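run_32.txt follows (compact mmCIF, C-alpha atoms):
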```txt
# COMPACT_ATOMS: atom_id res chain seq x y z
CA MET A 1 74.87 -18.68 -84.60
CA ASN A 2 72.65 -17.25 -87.32
CA SER A 3 69.89 -14.78 -86.53
CA GLN A 4 67.15 -17.36 -86.90
CA SER A 5 68.47 -19.52 -84.09
CA LEU A 6 69.24 -16.41 -82.03
CA ARG A 7 65.59 -15.37 -82.47
CA ASP A 8 64.40 -18.79 -81.34
CA LEU A 9 66.65 -18.66 -78.28
CA VAL A 10 65.41 -15.19 -77.38
CA ARG A 11 61.78 -16.32 -77.68
CA GLU A 12 62.57 -19.23 -75.35
CA HIS A 13 64.02 -16.78 -72.81
CA ILE A 14 61.05 -14.41 -72.67
CA ARG A 15 58.63 -15.12 -69.83
CA GLU A 16 55.06 -14.11 -70.58
CA VAL A 17 53.34 -12.72 -67.50
CA PRO A 18 49.56 -12.26 -67.84
CA ASP A 19 47.75 -9.17 -66.58
CA PHE A 20 50.84 -7.04 -65.96
CA PRO A 21 50.99 -4.10 -65.48
CA LYS A 22 47.20 -4.27 -65.80
CA PRO A 23 44.44 -6.73 -66.70
CA GLY A 24 44.49 -7.88 -70.30
CA ILE A 25 48.18 -7.14 -70.93
CA MET A 26 50.54 -10.09 -71.56
CA PHE A 27 53.87 -8.69 -70.38
CA LYS A 28 57.09 -9.87 -72.06
CA ASP A 29 59.55 -10.38 -69.21
CA ILE A 30 63.16 -10.30 -70.40
CA SER A 31 64.63 -11.40 -67.04
CA PRO A 32 65.46 -14.96 -68.22
CA LEU A 33 67.31 -13.49 -71.21
CA LEU A 34 69.35 -11.10 -69.03
CA ALA A 35 70.22 -13.85 -66.57
CA ASN A 36 71.78 -15.92 -69.38
CA ASP A 37 75.13 -14.19 -69.87
CA GLN A 38 75.92 -15.74 -73.24
CA LEU A 39 72.51 -15.02 -74.71
CA PHE A 40 72.44 -11.45 -73.37
CA GLU A 41 75.83 -10.82 -74.97
CA ARG A 42 74.67 -12.31 -78.28
CA VAL A 43 71.69 -9.97 -78.27
CA THR A 44 73.88 -6.91 -77.77
CA ASP A 45 76.23 -8.25 -80.48
CA TRP A 46 73.24 -8.35 -82.81
CA MET A 47 72.29 -4.78 -81.89
CA VAL A 48 75.86 -3.61 -82.56
CA GLU A 49 75.94 -5.40 -85.91
CA LYS A 50 72.66 -3.80 -86.99
CA ALA A 51 73.64 -0.32 -85.74
CA ARG A 52 77.23 -0.09 -86.88
CA GLY A 53 76.46 0.81 -90.48
CA SER A 54 74.51 3.90 -89.38
CA HIS A 55 77.71 5.28 -87.76
CA PRO A 56 76.34 6.53 -84.44
CA THR A 57 78.40 8.93 -82.32
CA HIS A 58 76.03 8.53 -79.36
CA VAL A 59 73.64 5.96 -77.95
CA LEU A 60 70.42 7.39 -76.51
CA ALA A 61 69.06 4.73 -74.16
CA ILE A 62 65.51 4.92 -72.86
CA GLU A 63 64.89 4.54 -69.10
CA SER A 64 65.23 2.07 -67.66
CA ARG A 65 65.45 -1.29 -69.48
CA GLY A 66 66.94 0.53 -72.44
CA PHE A 67 69.93 1.33 -70.21
CA ILE A 68 70.67 -2.39 -69.85
CA PHE A 69 71.15 -2.84 -73.60
CA GLY A 70 72.35 0.67 -74.42
CA ALA A 71 75.44 0.65 -72.20
CA PRO A 72 77.20 -2.41 -73.64
CA VAL A 73 76.16 -1.36 -77.16
CA ALA A 74 77.73 2.09 -76.59
CA HIS A 75 80.95 0.43 -75.36
CA ARG A 76 81.17 -1.81 -78.40
CA LEU A 77 80.46 1.03 -80.84
CA GLY A 78 82.84 3.48 -79.13
CA ALA A 79 79.88 5.86 -78.77
CA GLY A 80 78.92 8.15 -75.89
CA PHE A 81 76.06 7.01 -73.66
CA VAL A 82 73.13 9.38 -73.07
CA PRO A 83 70.19 8.48 -70.81
CA ALA A 84 66.65 9.54 -71.79
CA ARG A 85 64.71 9.75 -68.54
CA LYS A 86 61.27 10.32 -67.13
CA PRO A 87 60.55 13.92 -66.06
CA GLY A 88 62.34 15.18 -62.95
CA LYS A 89 65.06 12.51 -62.88
CA LEU A 90 67.85 14.40 -64.64
CA PRO A 91 69.53 17.03 -62.44
CA TRP A 92 70.61 19.66 -64.96
CA LYS A 93 68.85 21.68 -67.71
CA THR A 94 66.75 19.45 -69.95
CA VAL A 95 64.72 19.35 -73.14
CA ARG A 96 61.50 17.40 -73.06
CA ALA A 97 59.18 15.64 -75.48
CA GLU A 98 55.72 14.49 -74.50
CA TYR A 99 53.96 11.42 -75.82
CA GLU A 100 50.46 10.08 -75.57
CA LEU A 101 49.40 7.22 -73.35
CA GLU A 102 46.09 5.41 -73.43
CA TYR A 103 44.90 7.93 -70.84
CA GLY A 104 46.85 11.19 -70.61
CA THR A 105 50.47 11.92 -71.52
CA ASP A 106 53.98 11.16 -70.30
CA ALA A 107 57.33 12.63 -71.30
CA LEU A 108 61.03 11.92 -71.79
CA GLU A 109 63.86 14.32 -70.99
CA ILE A 110 67.52 14.58 -71.94
CA HIS A 111 70.13 17.10 -70.87
CA GLN A 112 70.43 20.15 -73.12
CA ASP A 113 74.14 19.47 -73.70
CA ALA A 114 73.65 15.77 -74.43
CA PHE A 115 74.70 16.16 -78.05
CA GLY A 116 74.77 18.90 -80.63
CA PRO A 117 74.47 19.46 -84.36
CA GLY A 118 76.35 16.95 -86.47
CA LYS A 119 76.04 14.13 -83.97
CA ARG A 120 74.46 10.84 -85.00
CA VAL A 121 72.25 9.20 -82.42
CA LEU A 122 71.34 5.52 -82.10
CA ILE A 123 68.15 5.05 -80.09
CA VAL A 124 68.14 1.86 -77.98
CA ASP A 125 65.33 0.28 -76.00
CA ASP A 126 64.23 -3.21 -75.04
CA LEU A 127 60.79 -2.95 -76.63
CA LEU A 128 58.94 -1.14 -79.41
CA ALA A 129 55.26 -1.16 -78.51
CA THR A 130 53.03 1.80 -79.43
CA GLY A 131 56.14 3.77 -80.39
CA GLY A 132 55.34 6.65 -78.04
CA THR A 133 58.64 6.67 -76.17
CA ALA A 134 60.69 6.00 -79.30
CA ARG A 135 58.89 8.89 -81.05
CA ALA A 136 59.66 11.15 -78.08
CA ALA A 137 63.31 10.06 -78.15
CA CYS A 138 63.49 10.96 -81.85
CA ASP A 139 61.82 14.32 -81.19
CA ILE A 140 64.24 15.43 -78.46
CA THR A 141 67.22 14.25 -80.52
CA GLU A 142 66.13 16.39 -83.44
CA GLU A 143 65.31 19.31 -81.14
CA LEU A 144 69.01 19.39 -80.19
CA GLY A 145 69.98 19.48 -83.85
CA ALA A 146 71.37 15.94 -83.95
CA THR A 147 70.50 13.27 -86.52
CA ILE A 148 68.90 9.91 -85.81
CA ALA A 149 71.24 7.17 -87.02
CA SER A 150 68.77 4.35 -86.43
CA VAL A 151 66.53 2.75 -83.82
CA VAL A 152 67.29 -0.71 -82.44
CA VAL A 153 65.18 -2.77 -80.04
CA VAL A 154 65.07 -6.40 -78.94
CA LEU A 155 61.30 -6.97 -79.06
CA GLU A 156 58.61 -5.44 -81.23
CA LEU A 157 54.88 -5.76 -80.65
CA GLY A 158 53.99 -5.52 -84.30
CA PHE A 159 50.23 -5.42 -83.72
CA LEU A 160 50.61 -2.05 -81.95
CA LYS A 161 52.06 -0.50 -85.13
CA GLY A 162 54.71 1.54 -83.27
CA ARG A 163 56.83 1.50 -86.41
CA GLU A 164 54.26 3.68 -88.17
CA ARG A 165 54.78 6.47 -85.64
CA LEU A 166 58.48 6.70 -86.45
CA GLY A 167 58.15 7.86 -90.06
CA ASN A 168 61.12 7.02 -92.25
CA GLN A 169 63.54 6.04 -89.47
CA THR A 170 65.50 2.82 -89.90
CA ILE A 171 64.24 0.44 -87.19
CA HIS A 172 65.75 -2.94 -86.31
CA SER A 173 63.95 -5.38 -84.01
CA LEU A 174 65.24 -8.86 -83.26
CA VAL A 175 61.97 -10.62 -82.37
CA GLU A 176 58.47 -9.60 -83.38
CA PHE A 177 55.29 -10.62 -81.58
CA MET B 1 96.40 4.50 -67.09
CA ASN B 2 96.85 4.04 -63.35
CA SER B 3 93.95 4.39 -60.92
CA GLN B 4 95.12 7.76 -59.66
CA SER B 5 94.84 9.39 -63.07
CA LEU B 6 91.57 7.53 -63.73
CA ARG B 7 90.22 8.99 -60.47
CA ASP B 8 91.26 12.49 -61.51
CA LEU B 9 89.59 12.07 -64.89
CA VAL B 10 86.37 10.81 -63.29
CA ARG B 11 86.31 13.78 -60.91
CA GLU B 12 86.69 16.11 -63.89
CA HIS B 13 83.71 14.43 -65.55
CA ILE B 14 81.29 14.75 -62.64
CA ARG B 15 79.02 17.80 -62.82
CA GLU B 16 77.95 19.11 -59.44
CA VAL B 17 74.36 20.36 -59.52
CA PRO B 18 73.27 22.32 -56.42
CA ASP B 19 69.89 21.82 -54.74
CA PHE B 20 68.95 18.61 -56.58
CA PRO B 21 66.79 16.67 -55.90
CA LYS B 22 66.05 19.09 -53.05
CA PRO B 23 67.52 22.21 -51.41
CA GLY B 24 70.88 21.68 -49.73
CA ILE B 25 71.87 18.59 -51.76
CA MET B 26 74.85 18.88 -54.15
CA PHE B 27 74.02 16.24 -56.76
CA LYS B 28 76.87 14.40 -58.51
CA ASP B 29 75.81 14.22 -62.16
CA ILE B 30 77.61 11.43 -64.03
CA SER B 31 76.28 12.45 -67.47
CA PRO B 32 79.63 13.91 -68.65
CA LEU B 33 81.37 10.66 -67.69
CA LEU B 34 78.83 8.52 -69.59
CA ALA B 35 79.05 10.74 -72.67
CA ASN B 36 82.81 10.13 -72.87
CA ASP B 37 82.98 6.66 -74.37
CA GLN B 38 86.62 6.00 -73.51
CA LEU B 39 86.29 7.15 -69.92
CA PHE B 40 83.04 5.23 -69.39
CA GLU B 41 84.72 2.07 -70.65
CA ARG B 42 87.76 2.63 -68.39
CA VAL B 43 85.43 2.95 -65.41
CA THR B 44 83.72 -0.36 -66.19
CA ASP B 45 87.17 -1.92 -66.76
CA TRP B 46 88.10 -0.79 -63.25
CA MET B 47 84.89 -2.30 -61.83
CA VAL B 48 85.61 -5.60 -63.59
CA GLU B 49 89.18 -5.65 -62.30
CA LYS B 50 88.04 -5.06 -58.71
CA ALA B 51 85.20 -7.59 -58.92
CA ARG B 52 86.86 -10.44 -60.76
CA GLY B 53 88.67 -11.86 -57.73
CA SER B 54 85.38 -12.34 -55.87
CA HIS B 55 84.23 -14.74 -58.65
CA PRO B 56 80.65 -13.53 -59.18
CA THR B 57 78.17 -15.71 -61.05
CA HIS B 58 75.62 -12.87 -61.23
CA VAL B 59 75.59 -9.07 -61.27
CA LEU B 60 72.76 -7.50 -59.28
CA ALA B 61 72.38 -3.96 -60.64
CA ILE B 62 70.33 -1.37 -58.79
CA GLU B 63 67.71 0.65 -60.69
CA SER B 64 68.33 2.67 -62.68
CA ARG B 65 71.84 4.15 -62.97
CA GLY B 66 73.24 0.89 -61.64
CA PHE B 67 71.93 -0.76 -64.83
CA ILE B 68 74.25 1.44 -66.92
CA PHE B 69 77.36 0.09 -65.22
CA GLY B 70 76.08 -3.37 -64.33
CA ALA B 71 75.31 -4.51 -67.87
CA PRO B 72 78.78 -4.05 -69.39
CA VAL B 73 80.36 -5.39 -66.19
CA ALA B 74 78.19 -8.54 -66.42
CA HIS B 75 79.23 -9.00 -70.06
CA ARG B 76 82.90 -8.71 -69.22
CA LEU B 77 82.68 -11.09 -66.26
CA GLY B 78 80.54 -13.65 -68.08
CA ALA B 79 77.95 -13.26 -65.32
CA GLY B 80 74.17 -13.19 -65.50
CA PHE B 81 72.49 -9.78 -65.17
CA VAL B 82 69.75 -9.33 -62.55
CA PRO B 83 67.89 -6.02 -62.09
CA ALA B 84 66.96 -4.85 -58.57
CA ARG B 85 63.94 -2.59 -59.03
CA LYS B 86 61.61 -0.29 -57.16
CA PRO B 87 58.35 -1.90 -55.99
CA GLY B 88 55.81 -2.76 -58.67
CA LYS B 89 58.18 -2.65 -61.64
CA LEU B 90 59.02 -6.35 -61.92
CA PRO B 91 56.23 -8.41 -63.50
CA TRP B 92 56.67 -11.80 -61.83
CA LYS B 93 56.88 -13.06 -58.22
CA THR B 94 59.34 -11.02 -56.18
CA VAL B 95 61.13 -10.81 -52.86
CA ARG B 96 61.43 -7.39 -51.29
CA ALA B 97 63.69 -5.60 -48.80
CA GLU B 98 62.75 -2.26 -47.29
CA TYR B 99 65.18 0.47 -46.35
CA GLU B 100 64.89 3.72 -44.46
CA LEU B 101 64.80 7.13 -46.06
CA GLU B 102 65.11 10.44 -44.25
CA TYR B 103 61.31 10.39 -44.01
CA GLY B 104 59.63 7.01 -44.39
CA THR B 105 60.82 3.89 -46.20
CA ASP B 106 61.37 2.63 -49.73
CA ALA B 107 62.07 -0.86 -51.03
CA LEU B 108 63.88 -2.90 -53.66
CA GLU B 109 62.57 -6.06 -55.31
CA ILE B 110 64.09 -8.90 -57.30
CA HIS B 111 62.43 -11.89 -58.92
CA GLN B 112 62.19 -14.98 -56.71
CA ASP B 113 64.06 -17.08 -59.28
CA ALA B 114 66.82 -14.50 -59.82
CA PHE B 115 69.47 -16.74 -58.31
CA GLY B 116 69.61 -19.61 -55.87
CA PRO B 117 71.84 -21.14 -53.23
CA GLY B 118 75.48 -21.37 -54.23
CA LYS B 119 75.38 -18.36 -56.51
CA ARG B 120 77.78 -15.47 -55.93
CA VAL B 121 76.36 -12.02 -56.46
CA LEU B 122 78.22 -8.82 -57.32
CA ILE B 123 76.20 -5.74 -56.37
CA VAL B 124 76.70 -2.79 -58.76
CA ASP B 125 75.51 0.80 -58.46
CA ASP B 126 76.74 4.23 -59.50
CA LEU B 127 76.78 5.67 -55.98
CA LEU B 128 77.14 4.60 -52.35
CA ALA B 129 75.48 7.29 -50.23
CA THR B 130 73.65 6.34 -47.02
CA GLY B 131 73.93 2.68 -47.97
CA GLY B 132 70.19 2.05 -47.77
CA THR B 133 69.73 0.64 -51.25
CA ALA B 134 72.98 -1.37 -51.11
CA ARG B 135 71.91 -2.80 -47.74
CA ALA B 136 68.53 -3.78 -49.22
CA ALA B 137 70.28 -5.38 -52.23
CA CYS B 138 72.42 -7.44 -49.83
CA ASP B 139 69.35 -8.44 -47.81
CA ILE B 140 67.35 -9.74 -50.77
CA THR B 141 70.40 -11.57 -52.12
CA GLU B 142 70.84 -13.41 -48.83
CA GLU B 143 67.10 -14.05 -48.55
CA LEU B 144 67.38 -16.10 -51.76
CA GLY B 145 70.22 -18.13 -50.27
CA ALA B 146 72.94 -16.61 -52.48
CA THR B 147 76.26 -15.18 -51.29
CA ILE B 148 77.43 -11.60 -51.77
CA ALA B 149 80.68 -11.66 -53.73
CA SER B 150 81.39 -7.93 -53.31
CA VAL B 151 79.91 -4.48 -53.82
CA VAL B 152 81.32 -2.10 -56.43
CA VAL B 153 80.34 1.52 -57.07
CA VAL B 154 81.80 4.46 -58.96
CA LEU B 155 81.24 7.21 -56.37
CA GLU B 156 81.08 7.10 -52.58
CA LEU B 157 79.84 9.90 -50.36
CA GLY B 158 82.09 8.98 -47.45
CA PHE B 159 80.55 11.51 -45.04
CA LEU B 160 77.24 9.61 -45.17
CA LYS B 161 78.94 6.49 -43.76
CA GLY B 162 77.04 4.09 -46.04
CA ARG B 163 79.90 1.61 -45.73
CA GLU B 164 79.09 1.12 -42.06
CA ARG B 165 75.62 -0.20 -42.93
CA LEU B 166 77.08 -3.00 -45.04
CA GLY B 167 78.86 -4.87 -42.23
CA ASN B 168 81.78 -6.98 -43.39
CA GLN B 169 81.07 -6.85 -47.12
CA THR B 170 83.96 -6.06 -49.46
CA ILE B 171 83.19 -2.66 -51.00
CA HIS B 172 85.11 -0.98 -53.82
CA SER B 173 84.52 2.65 -54.77
CA LEU B 174 86.54 4.48 -57.40
CA VAL B 175 86.14 8.08 -56.20
CA GLU B 176 85.24 9.25 -52.70
CA PHE B 177 83.70 12.61 -51.86
```

Represent the structure from my file as structure tokens, please.
Amino acid sequence: MNSQSLRDLVREHIREVPDFPKPGIMFKDISPLLANDQLFERVTDWMVEKARGSHPTHVLAIESRGFIFGAPVAHRLGAGFVPARKPGKLPWKTVRAEYELEYGTDALEIHQDAFGPGKRVLIVDDLLATGGTARAACDITEELGATIASVVVVLELGFLKGRERLGNQTIHSLVEF
Amino acid sequence: MNSQSLRDLVREHIREVPDFPKPGIMFKDISPLLANDQLFERVTDWMVEKARGSHPTHVLAIESRGFIFGAPVAHRLGAGFVPARKPGKLPWKTVRAEYELEYGTDALEIHQDAFGPGKRVLIVDDLLATGGTARAACDITEELGATIASVVVVLELGFLKGRERLGNQTIHSLVEF
């Protein structure tokens, strides 16, 4: 299957849910994609193919839908799996990066010993929207002295220009809206 | 590697964090396990081996650490992946099961079209503690007319007797505390 037909299949397996999580937002529900075992595996194959050339030693997956893609991608790449979580969820000592929301701020945390200098980190999430969480994931990675290998997501909301917040990082998205 | 040595390795890769999430709790942190790509893969291999005989058509993974194990297990079994989430996180129509906490109640939700009659559902989580979330996952599965194939977890806190809340379900845990 070439990437064009994979893209079409993915689009057919996204359910658009209006007014979620709030009025005016058209939510992209990936449940039909995940429920289709062959398609889900093809999507992670695509992520692995895009990421492999950047030689990641670790996958940093963003809570919580990022975990669903990040874990099989880490297996296939032979890379360690590191969860980036919302504040207060990780039990041990953490580093934190804040990011802006429409109103106020939120933050991501990783453990202080998640990876050190010389490591190469692939950032994985389901969606690139405003880029706030991906930017925070890049920031905490660099705070620990590691290098960002690349960023890979399934869906990108291009009109939110999240890509612009990530500077010169290499970003791969399978389907753009 | 036999299961005994796998168990020993997993125990060595669990970090015990005292007083998390509250005083008196010794939290079992699986981060060192996840960061070790070979060990993480061996753990999911073990889950697949235990689950395969129950012929699951779907993996129901419990938010959010259950997602980390459930996704690669679903890939390996050729099963659809279904997330069980905390209330308000899923965008479409859901069914819900409540469960008791020490003080009050919490709940899990799945989408109403997650699976139907005749489907066989493997429930995956990182930890079996009091059994509240696993019980809720079983309840919503049966509410949709599907059958529980088996329940598989990495860690079990045997002293909390979670197993007793799950009736006659087949439950596999790799390491018991």

Check your understanding: What does the distance from CA of Lys161 (chain A) to CA of Glu98 (chain A) come to in Å, to one decimal?
Key -> 18.7 Å

With only C-alpha atoms counted and 7 Å as the cut-off, give the residues of chain B in contact with chain A, each with its shortest interatomic distance in Å and the pair that gives it, as a tab-separated table.
```
residue	atom	partner	partner_atom	distance
B:Val17	CA	A:Pro91	CA	6.6
B:Phe20	CA	A:Pro91	CA	6.1
B:Asp29	CA	A:Pro91	CA	6.9
B:Leu34	CA	A:Phe81	CA	5.1
B:Ala35	CA	A:Gly80	CA	4.1
B:Asn36	CA	A:Gly80	CA	5.3
B:Asp37	CA	A:Gly80	CA	4.6
B:Glu41	CA	A:His75	CA	6.3
B:Ser64	CA	A:Ser64	CA	5.9
B:Phe67	CA	A:Ile68	CA	5.4
B:Ile68	CA	A:Phe67	CA	5.4
B:Ala71	CA	A:Ile68	CA	5.5
B:Pro72	CA	A:Pro72	CA	4.8
B:His75	CA	A:Glu41	CA	6.2
B:Gly78	CA	A:Asp37	CA	5.7
B:Ala79	CA	A:Asp37	CA	5.4
B:Gly80	CA	A:Ala35	CA	4.1
B:Phe81	CA	A:Ala35	CA	4.9
B:Val82	CA	A:Ala35	CA	6.1
B:Pro91	CA	A:Phe20	CA	6.1
B:Trp92	CA	A:Val17	CA	6.6
```

Would you write out, as JSON lines, a table of all residues in region 95-115 of chain B that have an atom no more than 10 Å from an atom of region 127-133 of chain B, listing for each the closest atom pair and the distance in Å to one decimal, considering all atoms listed in the file and ordering rows by chain and rising residue number?
```
{"residue": "B:Ala97", "atom": "CA", "partner": "B:Thr133", "partner_atom": "CA", "distance": 9.0}
{"residue": "B:Glu98", "atom": "CA", "partner": "B:Thr133", "partner_atom": "CA", "distance": 8.5}
{"residue": "B:Tyr99", "atom": "CA", "partner": "B:Gly132", "partner_atom": "CA", "distance": 5.4}
{"residue": "B:Glu100", "atom": "CA", "partner": "B:Gly132", "partner_atom": "CA", "distance": 6.5}
{"residue": "B:Leu101", "atom": "CA", "partner": "B:Gly132", "partner_atom": "CA", "distance": 7.6}
{"residue": "B:Glu102", "atom": "CA", "partner": "B:Thr130", "partner_atom": "CA", "distance": 9.9}
{"residue": "B:Thr105", "atom": "CA", "partner": "B:Gly132", "partner_atom": "CA", "distance": 9.7}
{"residue": "B:Asp106", "atom": "CA", "partner": "B:Thr133", "partner_atom": "CA", "distance": 8.7}
{"residue": "B:Ala107", "atom": "CA", "partner": "B:Thr133", "partner_atom": "CA", "distance": 7.8}
{"residue": "B:Leu108", "atom": "CA", "partner": "B:Thr133", "partner_atom": "CA", "distance": 7.2}
```

**Study point:** Å distance separating CA of Lys22 (chain B) from CA of Ala137 (chain A), one decimal place
**Key:**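 A separation of 26.8 Å between them.
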
Point to revise | Residue nearest Leu60 (chain A) - candidates A:Lys86, A:Arg120, A:Arg96, A:Arg7, atoms counted: all atoms listed in the file | key: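 Answer, going by the shortest atom-to-atom distance: A:Arg120.
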
Practice item. Between CA of Ala146 (chain A) and CA of Gln112 (chain A), measure the distance and give it in Å to one decimal. Key: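 So the two atoms, CA of Ala146 (chain A) and CA of Gln112 (chain A), lie 11.7 Å apart.
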
Point to revise | Contact residues around Leu155 (chain A) with only C-alpha atoms at 10 Å, ignoring same-chain residues under 3 positions, as a PyMOL selection string | key: chain A and resi 10-11+14+28+30+125-129+152+158+172-177

Practice item. Counting only C-alpha atoms, find the residues whose atoms lie at most 7 Å from (64.4, 3.1, -84.7) (file coordinates) and write them out as a PyMOL selection string. Key: chain A and resi 123+150-152+169-172

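Nearest residue to Ala136 (chain B) among B:Leu122, B:Leu166, B:Ala149, B:Leu160 is B:Leu166, counting all atoms listed in the file.
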
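Restricting the calculation to only C-alpha atoms, the smallest distance between Leu144 (chain B) and any of B:His55, B:Lys50, B:His13, B:Lys119 is found for B:Lys119.
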